[in-house]
$ cat input-v4.tsv   # TSV, C-alpha atoms (C1' of nucleotides)
chain	number	residue	atom	x	y	z
F	1	MET	CA	-0.54	-4.87	1.43
F	2	PRO	CA	-3.35	-2.49	0.90
F	3	GLU	CA	-2.88	-1.73	-2.79
F	4	LEU	CA	-5.08	0.28	-5.11
F	5	PRO	CA	-8.19	-1.96	-4.87
F	6	GLU	CA	-7.99	-2.16	-1.09
F	7	VAL	CA	-7.46	1.58	-0.67
F	8	GLU	CA	-10.34	2.22	-3.08
F	9	SER	CA	-12.53	-0.11	-1.02
F	10	VAL	CA	-11.54	1.67	2.18
F	11	ALA	CA	-12.30	5.02	0.54
F	12	ARG	CA	-15.75	3.85	-0.52
F	13	SER	CA	-16.65	2.46	2.88
F	14	LEU	CA	-15.27	5.54	4.59
F	15	ARG	CA	-17.19	7.82	2.26
F	16	ARG	CA	-20.50	6.31	3.32
F	17	ARG	CA	-19.62	7.03	6.96
F	18	VAL	CA	-17.92	10.41	7.09
F	19	LEU	CA	-18.85	12.40	4.01
F	20	GLY	CA	-20.43	15.67	5.12
F	21	LEU	CA	-19.60	15.19	8.81
F	22	ARG	CA	-18.00	17.96	10.82
F	23	ILE	CA	-14.88	17.01	12.76
F	24	ALA	CA	-15.44	18.12	16.35
F	25	GLU	CA	-12.11	17.05	17.79
F	26	VAL	CA	-8.77	15.62	16.71
F	27	GLU	CA	-6.56	13.51	18.94
F	28	ALA	CA	-3.16	12.32	17.73
F	29	PHE	CA	-0.96	9.67	19.26
F	30	PRO	CA	2.06	9.68	16.96
F	31	PRO	CA	4.02	6.43	17.02
F	32	LYS	CA	6.83	6.53	19.53
F	33	GLY	CA	10.42	5.46	19.03
F	34	LYS	CA	10.63	7.34	15.74
F	35	PRO	CA	12.97	10.24	14.95
F	36	VAL	CA	11.49	12.75	17.31
F	37	ARG	CA	11.18	15.77	15.08
F	38	ARG	CA	7.52	15.18	15.56
F	39	ARG	CA	5.43	18.20	14.97
F	40	LEU	CA	1.71	17.97	15.03
F	41	THR	CA	1.44	17.86	11.28
F	42	GLY	CA	1.48	14.08	11.02
F	43	TRP	CA	4.13	11.42	10.73
F	44	GLY	CA	5.74	8.95	8.39
F	45	GLY	CA	7.41	9.63	5.06
F	46	GLY	CA	10.95	10.72	4.27
F	47	ARG	CA	12.80	13.73	5.57
F	48	GLU	CA	11.57	15.94	2.79
F	49	ALA	CA	7.97	14.97	3.56
F	50	ARG	CA	8.10	17.11	6.70
F	51	SER	CA	8.10	20.29	4.71
F	52	ALA	CA	7.09	23.71	5.87
F	53	ALA	CA	3.81	23.47	4.01
F	54	ALA	CA	2.50	20.81	6.39
F	55	VAL	CA	-0.44	21.88	8.57
F	56	PRO	CA	-1.04	20.96	12.23
F	57	LEU	CA	-3.57	18.17	12.59
F	58	SER	CA	-5.40	20.31	15.14
F	59	ALA	CA	-6.40	22.61	12.28
F	60	LEU	CA	-8.86	19.92	11.19
F	61	ALA	CA	-11.11	20.57	14.18
F	62	GLY	CA	-14.27	22.30	13.06
F	63	LYS	CA	-13.82	21.38	9.41
F	64	THR	CA	-16.32	19.39	7.40
F	65	ILE	CA	-15.26	16.39	5.36
F	66	ASP	CA	-16.38	17.25	1.87
F	67	LYS	CA	-14.54	14.65	-0.16
F	68	VAL	CA	-13.07	11.20	0.36
F	69	GLY	CA	-10.67	10.37	-2.43
F	70	ARG	CA	-7.72	8.22	-3.41
F	71	ARG	CA	-4.51	8.82	-5.35
F	72	GLY	CA	-2.49	5.67	-5.92
F	73	LYS	CA	-2.35	3.98	-2.54
F	74	ASN	CA	-2.96	7.26	-0.71
F	75	LEU	CA	-6.29	7.99	0.91
F	76	ILE	CA	-7.29	11.65	0.99
F	77	LEU	CA	-9.91	13.34	3.16
F	78	GLU	CA	-10.61	16.86	1.97
F	79	CYS	CA	-11.79	19.11	4.78
F	80	GLY	CA	-12.38	22.75	4.04
F	81	GLY	CA	-9.13	24.05	2.62
F	82	LEU	CA	-7.17	21.14	4.04
F	83	ALA	CA	-6.31	17.63	2.95
F	84	LEU	CA	-5.67	14.80	5.40
F	85	LEU	CA	-3.46	12.22	3.71
F	86	PHE	CA	-3.09	8.61	4.77
F	87	HIS	CA	-0.86	5.87	3.47
F	88	LEU	CA	-1.81	2.51	4.99
F	89	LYS	CA	1.44	0.80	4.01
F	90	MET	CA	1.17	-2.73	5.42
F	91	THR	CA	-1.13	-2.60	8.38
F	92	GLY	CA	-2.92	0.75	8.40
F	93	ARG	CA	-6.60	0.38	9.17
F	94	PHE	CA	-9.68	2.44	9.99
F	95	LEU	CA	-12.24	1.65	12.66
F	96	TRP	CA	-15.61	3.27	13.11
F	97	SER	CA	-16.03	3.51	16.83
F	98	ARG	CA	-18.08	5.15	19.59
F	99	PRO	CA	-16.76	7.56	22.21
F	100	GLY	CA	-16.08	5.73	25.46
F	101	GLU	CA	-15.27	2.45	23.80
F	102	PRO	CA	-11.72	1.39	24.68
F	103	ARG	CA	-9.16	2.58	22.17
F	104	GLY	CA	-7.10	-0.10	20.45
F	105	ARG	CA	-3.41	-0.45	21.29
F	106	HIS	CA	-2.23	0.77	17.92
F	107	VAL	CA	-4.60	3.67	17.31
F	108	HIS	CA	-2.58	6.71	16.24
F	109	LEU	CA	-5.26	9.18	15.20
F	110	VAL	CA	-8.82	9.78	16.35
F	111	LEU	CA	-11.29	12.05	14.56
F	112	ARG	CA	-14.24	12.67	16.85
F	113	PHE	CA	-17.69	13.61	15.58
F	114	ARG	CA	-20.65	14.98	17.52
F	115	ASN	CA	-23.43	14.29	15.13
F	116	PRO	CA	-23.56	11.35	15.17
F	117	GLU	CA	-21.56	10.64	18.33
F	118	ARG	CA	-18.89	8.61	16.65
F	119	GLU	CA	-15.14	8.33	16.20
F	120	LEU	CA	-12.93	7.39	13.31
F	121	HIS	CA	-9.80	5.62	14.49
F	122	PHE	CA	-6.70	5.12	12.39
F	123	GLU	CA	-4.57	2.26	13.68
F	124	ASP	CA	-1.31	0.87	12.42
F	125	VAL	CA	0.33	-2.09	14.12
F	126	ARG	CA	3.64	-1.80	12.30
F	127	LYS	CA	3.89	1.98	12.36
F	128	PHE	CA	4.88	2.15	8.70
F	129	GLY	CA	1.84	4.22	7.82
F	130	LEU	CA	1.81	7.89	6.96
F	131	VAL	CA	-0.55	10.57	8.22
F	132	ARG	CA	-0.15	14.17	7.14
F	133	CYS	CA	-2.19	17.31	6.86
F	134	ARG	CA	-1.58	19.57	3.86
F	135	PRO	CA	-3.15	22.63	2.33
F	136	LEU	CA	-5.61	21.54	-0.35
F	137	ASP	CA	-4.26	24.19	-2.64
F	138	GLY	CA	-1.47	22.67	-4.72
F	139	LEU	CA	-2.00	19.26	-3.16
F	140	ALA	CA	-0.87	17.34	-6.25
F	141	ALA	CA	2.57	18.93	-5.88
F	142	CYS	CA	3.03	17.93	-2.23
F	143	PRO	CA	5.92	15.55	-1.39
F	144	GLU	CA	3.60	12.57	-0.86
F	145	LEU	CA	1.90	12.84	-4.25
F	146	ARG	CA	4.09	14.72	-6.67
F	147	SER	CA	6.20	11.82	-7.94
F	148	LEU	CA	3.30	9.45	-8.50
F	149	GLY	CA	2.71	8.17	-12.01
F	150	PRO	CA	-0.71	8.06	-13.67
F	151	GLU	CA	-3.65	6.13	-12.28
F	152	PRO	CA	-3.66	2.65	-13.86
F	153	LEU	CA	-7.38	2.85	-14.55
F	154	ASP	CA	-7.02	6.19	-16.33
F	155	VAL	CA	-3.85	5.77	-18.35
F	156	SER	CA	-4.25	5.13	-22.09
F	157	ALA	CA	-2.63	2.18	-23.85
F	158	ASP	CA	-0.52	4.65	-25.85
F	159	VAL	CA	0.87	6.39	-22.81
F	160	PHE	CA	1.37	3.07	-21.03
F	161	PHE	CA	3.44	1.78	-23.93
F	162	LEU	CA	5.53	4.96	-24.19
F	163	ARG	CA	6.28	4.97	-20.47
F	164	LEU	CA	7.17	1.27	-20.51
F	165	LYS	CA	9.58	1.78	-23.38
F	166	ALA	CA	11.33	4.55	-21.46
F	167	ARG	CA	12.10	2.25	-18.54
F	168	ARG	CA	15.10	0.13	-17.85
F	169	GLY	CA	14.73	-2.81	-15.54
F	170	ARG	CA	12.46	-5.77	-15.20
F	171	VAL	CA	8.81	-5.39	-15.93
F	172	LYS	CA	7.82	-6.59	-12.45
F	173	SER	CA	9.95	-3.95	-10.74
F	174	VAL	CA	8.65	-1.27	-13.11
F	175	LEU	CA	5.04	-2.17	-12.29
F	176	LEU	CA	5.82	-1.81	-8.59
F	177	ASP	CA	7.43	1.60	-9.10
F	178	GLN	CA	4.85	4.17	-8.01
F	179	SER	CA	6.34	6.76	-10.34
F	180	PHE	CA	5.48	4.50	-13.28
F	181	LEU	CA	1.89	3.74	-12.25
F	182	ALA	CA	0.34	4.76	-8.94
F	183	GLY	CA	-1.26	2.00	-6.89
F	184	VAL	CA	0.03	-1.32	-8.23
F	185	GLY	CA	1.62	-3.50	-5.55
F	186	ASN	CA	2.98	-7.00	-5.31
F	187	ILE	CA	-0.26	-8.95	-5.54
F	188	TYR	CA	-1.69	-7.19	-8.56
F	189	ALA	CA	1.63	-6.96	-10.39
F	190	ASP	CA	1.98	-10.75	-10.18
F	191	GLU	CA	-1.64	-11.34	-11.16
F	192	ALA	CA	-1.51	-8.92	-14.11
F	193	LEU	CA	1.74	-10.40	-15.44
F	194	PHE	CA	0.26	-13.88	-15.27
F	195	ALA	CA	-2.92	-12.77	-17.03
F	196	ALA	CA	-0.84	-11.15	-19.76
F	197	GLY	CA	1.49	-14.15	-20.11
F	198	ILE	CA	4.56	-12.03	-19.43
F	199	HIS	CA	7.52	-13.21	-17.35
F	200	PRO	CA	8.24	-10.91	-14.39
F	201	LEU	CA	11.94	-10.77	-15.30
F	202	ALA	CA	11.32	-9.60	-18.88
F	203	PRO	CA	13.00	-6.23	-19.48
F	204	ALA	CA	10.22	-3.64	-19.53
F	205	ALA	CA	11.54	-1.89	-22.61
F	206	SER	CA	11.71	-5.15	-24.54
F	207	LEU	CA	7.94	-5.65	-24.67
F	208	SER	CA	6.37	-5.40	-28.11
F	209	ARG	CA	3.36	-3.18	-28.57
F	210	PRO	CA	0.92	-6.14	-28.60
F	211	ARG	CA	2.41	-7.56	-25.41
F	212	ALA	CA	2.40	-4.13	-23.75
F	213	ASP	CA	-1.24	-3.78	-24.75
F	214	ARG	CA	-2.02	-7.12	-23.18
F	215	LEU	CA	-0.30	-6.05	-19.97
F	216	TRP	CA	-2.14	-2.71	-19.97
F	217	ALA	CA	-5.46	-4.49	-20.35
F	218	ALA	CA	-4.53	-7.09	-17.71
F	219	VAL	CA	-3.63	-4.43	-15.15
F	220	ARG	CA	-6.97	-2.70	-15.71
F	221	ASP	CA	-8.89	-5.95	-15.63
F	222	VAL	CA	-7.27	-7.30	-12.47
F	223	LEU	CA	-7.60	-4.00	-10.60
F	224	SER	CA	-11.21	-3.39	-11.55
F	225	ARG	CA	-12.24	-6.95	-10.74
F	226	ALA	CA	-10.45	-6.67	-7.40
F	227	ILE	CA	-12.28	-3.42	-6.61
F	228	ARG	CA	-15.58	-5.15	-7.40
F	229	ALA	CA	-14.59	-7.94	-4.99
F	230	GLY	CA	-13.78	-5.44	-2.23
F	231	GLY	CA	-10.03	-6.10	-2.47
F	232	SER	CA	-7.92	-9.04	-1.29
F	233	SER	CA	-8.05	-10.07	2.36
F	234	ILE	CA	-4.93	-12.10	2.81
F	235	ARG	CA	-3.87	-11.71	6.39
F	236	ASP	CA	-5.91	-9.00	8.02
F	237	TYR	CA	-7.08	-6.44	5.48
F	238	ARG	CA	-10.56	-5.04	6.15
F	239	ASP	CA	-12.37	-1.95	4.91
F	240	ALA	CA	-13.54	0.84	7.23
F	241	ASP	CA	-16.70	-1.15	8.03
F	242	GLY	CA	-14.63	-4.18	9.03
F	243	GLU	CA	-15.72	-6.05	5.89
F	244	LEU	CA	-13.35	-8.51	4.26
F	245	GLY	CA	-12.59	-8.53	0.54
F	246	SER	CA	-12.89	-11.69	-1.51
F	247	PHE	CA	-10.45	-11.25	-4.38
F	248	GLN	CA	-7.94	-13.56	-2.68
F	249	ASP	CA	-10.18	-16.38	-3.94
F	250	GLU	CA	-9.44	-15.27	-7.48
F	251	HIS	CA	-5.67	-15.06	-7.14
F	252	ARG	CA	-4.16	-17.30	-9.78
F	253	VAL	CA	-0.47	-17.10	-8.84
F	254	TYR	CA	0.04	-14.86	-5.81
F	255	GLY	CA	0.67	-16.99	-2.71
F	256	ARG	CA	0.30	-20.18	-4.74
F	257	GLU	CA	3.89	-21.40	-4.93
F	258	GLY	CA	3.95	-25.10	-5.82
F	259	GLU	CA	0.27	-25.23	-6.73
F	260	PRO	CA	-0.71	-26.10	-10.28
F	261	CYS	CA	-0.90	-23.29	-12.81
F	262	PRO	CA	-4.57	-22.79	-13.69
F	263	ASN	CA	-3.51	-22.62	-17.33
F	264	CYS	CA	-1.01	-25.46	-17.89
F	265	GLY	CA	-1.03	-27.40	-14.62
F	266	GLY	CA	2.69	-26.95	-14.02
F	267	PRO	CA	3.87	-25.76	-10.59
F	268	ILE	CA	3.75	-22.04	-9.80
F	269	ARG	CA	7.21	-20.77	-8.97
F	270	ARG	CA	8.32	-18.14	-6.49
F	271	ALA	CA	11.41	-16.00	-6.86
F	272	VAL	CA	12.70	-12.90	-5.13
F	273	ILE	CA	12.64	-10.02	-7.59
F	274	GLY	CA	13.77	-6.60	-6.45
F	275	GLY	CA	13.59	-7.70	-2.83
F	276	ARG	CA	9.96	-8.84	-3.13
F	277	SER	CA	8.55	-12.28	-3.67
F	278	GLY	CA	7.27	-12.82	-7.20
F	279	HIS	CA	4.90	-15.62	-8.18
F	280	PHE	CA	4.64	-16.83	-11.76
F	281	CYS	CA	4.27	-19.78	-14.10
F	282	PRO	CA	7.61	-20.33	-15.88
F	283	ARG	CA	5.85	-22.11	-18.72
F	284	CYS	CA	2.97	-19.72	-19.44
F	285	GLN	CA	4.87	-16.47	-18.87
F	286	LYS	CA	7.42	-15.65	-21.58
F	287	ARG	CA	10.39	-13.35	-21.29
D	1	DA	C1'	19.50	-1.47	-9.95
D	2	DG	C1'	19.89	-4.15	-6.03
D	3	DT	C1'	20.08	-4.24	-0.77
D	4	DT	C1'	18.88	-2.78	3.88
D	5	DC	C1'	15.97	-1.04	7.11
D	6	DC	C1'	11.84	0.14	9.49
D	7	DC	C1'	8.20	-2.70	12.68
D	8	DT	C1'	5.41	-6.37	14.84
D	9	DG	C1'	2.36	-10.42	14.78
D	10	DA	C1'	1.82	-14.83	12.87
D	11	DG	C1'	3.42	-19.20	11.87
D	12	DG	C1'	7.00	-22.81	11.74
Q	1	DC	C1'	13.35	-19.51	19.29
Q	2	DC	C1'	13.61	-18.26	14.23
Q	3	DT	C1'	11.83	-16.49	9.87
Q	4	DC	C1'	8.72	-14.24	7.12
Q	5	DA	C1'	5.59	-10.55	5.25
Q	6	DG	C1'	6.10	-6.02	2.60
Q	7	DG	C1'	5.79	-0.21	0.80
Q	8	DG	C1'	8.90	2.79	0.22
Q	9	DA	C1'	12.97	5.63	1.75
Q	10	DA	C1'	17.71	5.52	2.02
Q	11	DC	C1'	21.44	3.44	1.21
Q	12	DT	C1'	25.45	1.14	-1.82
$ encode --input "input-v4.tsv" --output "structure tokens"
Amino acid sequence: MPELPEVESVARSLRRRVLGLRIAEVEAFPPKGKPVRRRLTGWGGGREARSAAAVPLSALAGKTIDKVGRRGKNLILECGGLALLFHLKMTGRFLWSRPGEPRGRHVHLVLRFRNPERELHFEDVRKFGLVRCRPLDGLAACPELRSLGPEPLDVSADVFFLRLKARRGRVKSVLLDQSFLAGVGNIYADEALFAAGIHPLAPAASLSRPRADRLWAAVRDVLSRAIRAGGSSIRDYRDADGELGSFQDEHRVYGREGEPCPNCGGPIRRAVIGGRSGHFCPRCQKR
DNA sequence: AGTTCCCTGAGG
DNA sequence: CCTCAGGGAACT
């Protein structure tokens, strides 16, 4: 569930910890029981993601972390000429630890620092997460990033409208498609559609310019407010400092099936849309 | 464009 | 026990 606001919050908390630190040692414990074409370049992703351009994780030793960034839901540590990419998927998490402290059961990567004597652990209970090292040069064209759409907080209303018009399918599914916009997931798609008064099953291409504008603004508003709140901590999301987000308190439809719509008081409905649960108010959200 | 699968802990 | 959660790849 880490979506754009959660990954952004992780990036910010991580930045305060590791920016400028030199990686002394790298220890990888790739998840077992996976297709065992495991090289030391990372894991996760499709078959094409294991391309020749991947770099061994051990190459990170001795490098200094000079940027902590985000692209969509991907977290990117830039180290010298290398980029260490993470996708947290459902349960990826970072822990700031000390050498000698017992390592958690689901820790798959450890970056060890000497000054200060600390460790960054990446853990992932469900093993869906992705870790990969790439050359920094040409990073935007790497398999993990190249098909991502624009950042929702950067895209203009004009471009948003044009891209929406070019899509077939339901607006909810289009919002979830990372090649349309990078970083929107289930929670924020539902919240943005509610805020814009648009039914999740409305065909994307059918939206008028004014309604598309409202959706564009709602996506920006929901995402930026969620970032300010440190993300949504339903279940177990925490940032790299272990801090919880608070945006779950501002959810108006997500996870509120049967509760009264904050707008009209009618019950919030839940329906499976594109294999994911969608939450909406059938009265306030028009097709 | 919709469905299945991956994976595991939490909750019924 | 069983079911559910869900991002995204790989199916159909």
$ interface_residues --input "input-v4.tsv" --of "chain F" --to "chain D" --cutoff "12 Å" --atoms "all atoms listed in the file" --output "VMD selection string"
chain F and resid 31 to 35 44 to 46 89 to 91 106 124 to 129 167 to 170 173 to 174 235 to 236 272 to 276
$ residues_around --input "input-v4.tsv" --residues "F:Ala205" --least-positions-apart "3" --cutoff "12 Å" --atoms "all atoms listed in the file" --output "VMD selection string"
chain F and resid 160 to 172 174 201 to 202 208 to 209 211 to 212 287
$ atom_distance --input "input-v4.tsv" --atom1 "atom CA of F:Leu57" --atom2 "atom CA of F:Val7"
21.6 Å
$ atom_distance --input "input-v4.tsv" --atom1 "atom CA of F:Cys79" --atom2 "atom CA of F:Asp241"
21.1 Å
$ axis_aligned_box --input "input-v4.tsv" --around "stretch 15-30 of chain F" --padding-each-side "3 Å" --output "AutoDock Vina command-line options"
--center_x -9.2 --center_y 12.2 --center_z 10.8 --size_x 28.6 --size_y 17.8 --size_z 23.0
$ atom_distance --input "input-v4.tsv" --atom1 "atom CA of F:Phe113" --atom2 "atom CA of F:Ile23"
5.2 Å
$ residues_around --input "input-v4.tsv" --residues "stretch 64-70 of chain F" --least-positions-apart "6" --cutoff "6 Å" --atoms "all atoms listed in the file" --output "ChimeraX atom specification"
/F:15,19-22,76-79
$ closest_residue --input "input-v4.tsv" --among "F:Asn115, F:Ser9, F:Gln285, F:Ser277" --to "chain Q" --atoms "all atoms listed in the file"
F:Ser277
$ closest_atom_pairs --input "input-v4.tsv" --of "chain Q" --to "chain F" --cutoff "12 Å" --atoms "only C-alpha atoms (C1' of nucleotides)" --output "JSON lines"
{"residue": "Q:DC4", "atom": "C1'", "partner": "F:Ser277", "partner_atom": "CA", "distance": 11.0}
{"residue": "Q:DA5", "atom": "C1'", "partner": "F:Met90", "partner_atom": "CA", "distance": 9.0}
{"residue": "Q:DG6", "atom": "C1'", "partner": "F:Met90", "partner_atom": "CA", "distance": 6.6}
{"residue": "Q:DG7", "atom": "C1'", "partner": "F:Lys89", "partner_atom": "CA", "distance": 5.5}
{"residue": "Q:DG8", "atom": "C1'", "partner": "F:Gly45", "partner_atom": "CA", "distance": 8.5}
{"residue": "Q:DA9", "atom": "C1'", "partner": "F:Gly46", "partner_atom": "CA", "distance": 6.0}
{"residue": "Q:DA10", "atom": "C1'", "partner": "F:Gly46", "partner_atom": "CA", "distance": 8.8}
$ residues_around --input "input-v4.tsv" --residues "F:Glu48" --least-positions-apart "6" --cutoff "12 Å" --atoms "only C-alpha atoms (C1' of nucleotides)" --output "list in words"
Ala54, Cys142, Pro143 and Glu144 of chain F; DA9 of chain Q
$ residues_around --input "input-v4.tsv" --residues "stretch 179-183 of chain F" --least-positions-apart "3" --cutoff "7 Å" --atoms "all atoms listed in the file" --output "PyMOL selection string"
chain F and resi 3-4+72-73+147-152+174-175
$ write_last_selection --input "input-v4.tsv" --atoms "C-alpha atoms" --output "PDB file, keeping the file's coordinate frame"
ATOM      1  CA  GLU F   3      -2.880  -1.730  -2.790  1.00  0.00           C
ATOM      2  CA  LEU F   4      -5.080   0.280  -5.110  1.00  0.00           C
ATOM      3  CA  GLY F  72      -2.490   5.670  -5.920  1.00  0.00           C
ATOM      4  CA  LYS F  73      -2.350   3.980  -2.540  1.00  0.00           C
ATOM      5  CA  SER F 147       6.200  11.820  -7.940  1.00  0.00           C
ATOM      6  CA  LEU F 148       3.300   9.450  -8.500  1.00  0.00           C
ATOM      7  CA  GLY F 149       2.710   8.170 -12.010  1.00  0.00           C
ATOM      8  CA  PRO F 150      -0.710   8.060 -13.670  1.00  0.00           C
ATOM      9  CA  GLU F 151      -3.650   6.130 -12.280  1.00  0.00           C
ATOM     10  CA  PRO F 152      -3.660   2.650 -13.860  1.00  0.00           C
ATOM     11  CA  VAL F 174       8.650  -1.270 -13.110  1.00  0.00           C
ATOM     12  CA  LEU F 175       5.040  -2.170 -12.290  1.00  0.00           C
TER      13      LEU F 175
END
$ residues_around --input "input-v4.tsv" --residues "F:Leu111" --least-positions-apart "2" --cutoff "12 Å" --atoms "only C-alpha atoms (C1' of nucleotides)" --output "PyMOL selection string"
chain F and resi 18+21-29+57-65+77+84+94-99+107-109+113-114+117-123
$ build_atoms --input "input-v4.tsv" --residues "stretch 53-80 of chain F" --atoms "N, CA and C atoms" --output "PDB file, in the frame of the given file"
ATOM      1  N   ALA F  53       5.199  23.297   4.411  1.00  0.00           N
ATOM      2  CA  ALA F  53       3.810  23.470   4.010  1.00  0.00           C
ATOM      3  C   ALA F  53       2.853  22.569   4.772  1.00  0.00           C
ATOM      4  N   ALA F  54       3.385  21.680   5.625  1.00  0.00           N
ATOM      5  CA  ALA F  54       2.500  20.810   6.390  1.00  0.00           C
ATOM      6  C   ALA F  54       1.703  21.628   7.399  1.00  0.00           C
ATOM      7  N   VAL F  55       0.499  21.157   7.711  1.00  0.00           N
ATOM      8  CA  VAL F  55      -0.440  21.880   8.570  1.00  0.00           C
ATOM      9  C   VAL F  55      -0.660  21.070   9.843  1.00  0.00           C
ATOM     10  N   PRO F  56      -0.762  21.706  11.003  1.00  0.00           N
ATOM     11  CA  PRO F  56      -1.040  20.960  12.230  1.00  0.00           C
ATOM     12  C   PRO F  56      -2.359  20.196  12.133  1.00  0.00           C
ATOM     13  N   LEU F  57      -2.355  18.983  12.634  1.00  0.00           N
ATOM     14  CA  LEU F  57      -3.570  18.170  12.590  1.00  0.00           C
ATOM     15  C   LEU F  57      -4.713  18.847  13.339  1.00  0.00           C
ATOM     16  N   SER F  58      -4.356  19.635  14.338  1.00  0.00           N
ATOM     17  CA  SER F  58      -5.400  20.310  15.140  1.00  0.00           C
ATOM     18  C   SER F  58      -6.226  21.276  14.292  1.00  0.00           C
ATOM     19  N   ALA F  59      -5.663  21.690  13.154  1.00  0.00           N
ATOM     20  CA  ALA F  59      -6.400  22.610  12.280  1.00  0.00           C
ATOM     21  C   ALA F  59      -7.617  21.958  11.658  1.00  0.00           C
ATOM     22  N   LEU F  60      -7.714  20.630  11.775  1.00  0.00           N
ATOM     23  CA  LEU F  60      -8.860  19.920  11.190  1.00  0.00           C
ATOM     24  C   LEU F  60     -10.119  20.081  12.034  1.00  0.00           C
ATOM     25  N   ALA F  61      -9.944  20.417  13.303  1.00  0.00           N
ATOM     26  CA  ALA F  61     -11.110  20.570  14.180  1.00  0.00           C
ATOM     27  C   ALA F  61     -12.030  21.657  13.638  1.00  0.00           C
ATOM     28  N   GLY F  62     -13.307  21.346  13.559  1.00  0.00           N
ATOM     29  CA  GLY F  62     -14.270  22.300  13.060  1.00  0.00           C
ATOM     30  C   GLY F  62     -14.501  22.239  11.566  1.00  0.00           C
ATOM     31  N   LYS F  63     -13.663  21.482  10.861  1.00  0.00           N
ATOM     32  CA  LYS F  63     -13.820  21.380   9.410  1.00  0.00           C
ATOM     33  C   LYS F  63     -14.813  20.265   9.048  1.00  0.00           C
ATOM     34  N   THR F  64     -15.397  20.399   7.905  1.00  0.00           N
ATOM     35  CA  THR F  64     -16.320  19.390   7.400  1.00  0.00           C
ATOM     36  C   THR F  64     -15.646  18.570   6.312  1.00  0.00           C
ATOM     37  N   ILE F  65     -15.861  17.271   6.366  1.00  0.00           N
ATOM     38  CA  ILE F  65     -15.260  16.390   5.360  1.00  0.00           C
ATOM     39  C   ILE F  65     -16.089  16.456   4.095  1.00  0.00           C
ATOM     40  N   ASP F  66     -15.548  17.104   3.064  1.00  0.00           N
ATOM     41  CA  ASP F  66     -16.380  17.250   1.870  1.00  0.00           C
ATOM     42  C   ASP F  66     -15.929  16.400   0.698  1.00  0.00           C
ATOM     43  N   LYS F  67     -14.890  15.621   0.888  1.00  0.00           N
ATOM     44  CA  LYS F  67     -14.540  14.650  -0.160  1.00  0.00           C
ATOM     45  C   LYS F  67     -13.677  13.547   0.429  1.00  0.00           C
ATOM     46  N   VAL F  68     -13.934  12.326  -0.007  1.00  0.00           N
ATOM     47  CA  VAL F  68     -13.070  11.200   0.360  1.00  0.00           C
ATOM     48  C   VAL F  68     -12.531  10.632  -0.942  1.00  0.00           C
ATOM     49  N   GLY F  69     -11.234  10.767  -1.152  1.00  0.00           N
ATOM     50  CA  GLY F  69     -10.670  10.370  -2.430  1.00  0.00           C
ATOM     51  C   GLY F  69      -9.458   9.463  -2.263  1.00  0.00           C
ATOM     52  N   ARG F  70      -8.881   9.099  -3.385  1.00  0.00           N
ATOM     53  CA  ARG F  70      -7.720   8.220  -3.410  1.00  0.00           C
ATOM     54  C   ARG F  70      -6.795   8.662  -4.532  1.00  0.00           C
ATOM     55  N   ARG F  71      -5.497   8.590  -4.284  1.00  0.00           N
ATOM     56  CA  ARG F  71      -4.510   8.820  -5.350  1.00  0.00           C
ATOM     57  C   ARG F  71      -3.442   7.759  -5.173  1.00  0.00           C
ATOM     58  N   GLY F  72      -3.367   6.819  -6.110  1.00  0.00           N
ATOM     59  CA  GLY F  72      -2.490   5.670  -5.920  1.00  0.00           C
ATOM     60  C   GLY F  72      -2.942   4.912  -4.682  1.00  0.00           C
ATOM     61  N   LYS F  73      -2.000   4.662  -3.786  1.00  0.00           N
ATOM     62  CA  LYS F  73      -2.350   3.980  -2.540  1.00  0.00           C
ATOM     63  C   LYS F  73      -2.640   4.957  -1.408  1.00  0.00           C
ATOM     64  N   ASN F  74      -2.689   6.251  -1.729  1.00  0.00           N
ATOM     65  CA  ASN F  74      -2.960   7.260  -0.710  1.00  0.00           C
ATOM     66  C   ASN F  74      -4.442   7.532  -0.594  1.00  0.00           C
ATOM     67  N   LEU F  75      -4.905   7.629   0.632  1.00  0.00           N
ATOM     68  CA  LEU F  75      -6.290   7.990   0.910  1.00  0.00           C
ATOM     69  C   LEU F  75      -6.317   9.454   1.311  1.00  0.00           C
ATOM     70  N   ILE F  76      -7.276  10.204   0.774  1.00  0.00           N
ATOM     71  CA  ILE F  76      -7.290  11.650   0.990  1.00  0.00           C
ATOM     72  C   ILE F  76      -8.653  12.107   1.478  1.00  0.00           C
ATOM     73  N   LEU F  77      -8.691  12.695   2.661  1.00  0.00           N
ATOM     74  CA  LEU F  77      -9.910  13.340   3.160  1.00  0.00           C
ATOM     75  C   LEU F  77      -9.757  14.839   2.940  1.00  0.00           C
ATOM     76  N   GLU F  78     -10.646  15.421   2.159  1.00  0.00           N
ATOM     77  CA  GLU F  78     -10.610  16.860   1.970  1.00  0.00           C
ATOM     78  C   GLU F  78     -11.568  17.520   2.945  1.00  0.00           C
ATOM     79  N   CYS F  79     -11.026  18.466   3.703  1.00  0.00           N
ATOM     80  CA  CYS F  79     -11.790  19.110   4.780  1.00  0.00           C
ATOM     81  C   CYS F  79     -11.564  20.608   4.678  1.00  0.00           C
ATOM     82  N   GLY F  80     -12.567  21.322   4.215  1.00  0.00           N
ATOM     83  CA  GLY F  80     -12.380  22.750   4.040  1.00  0.00           C
ATOM     84  C   GLY F  80     -11.209  22.968   3.108  1.00  0.00           C
TER      85      GLY F  80
END
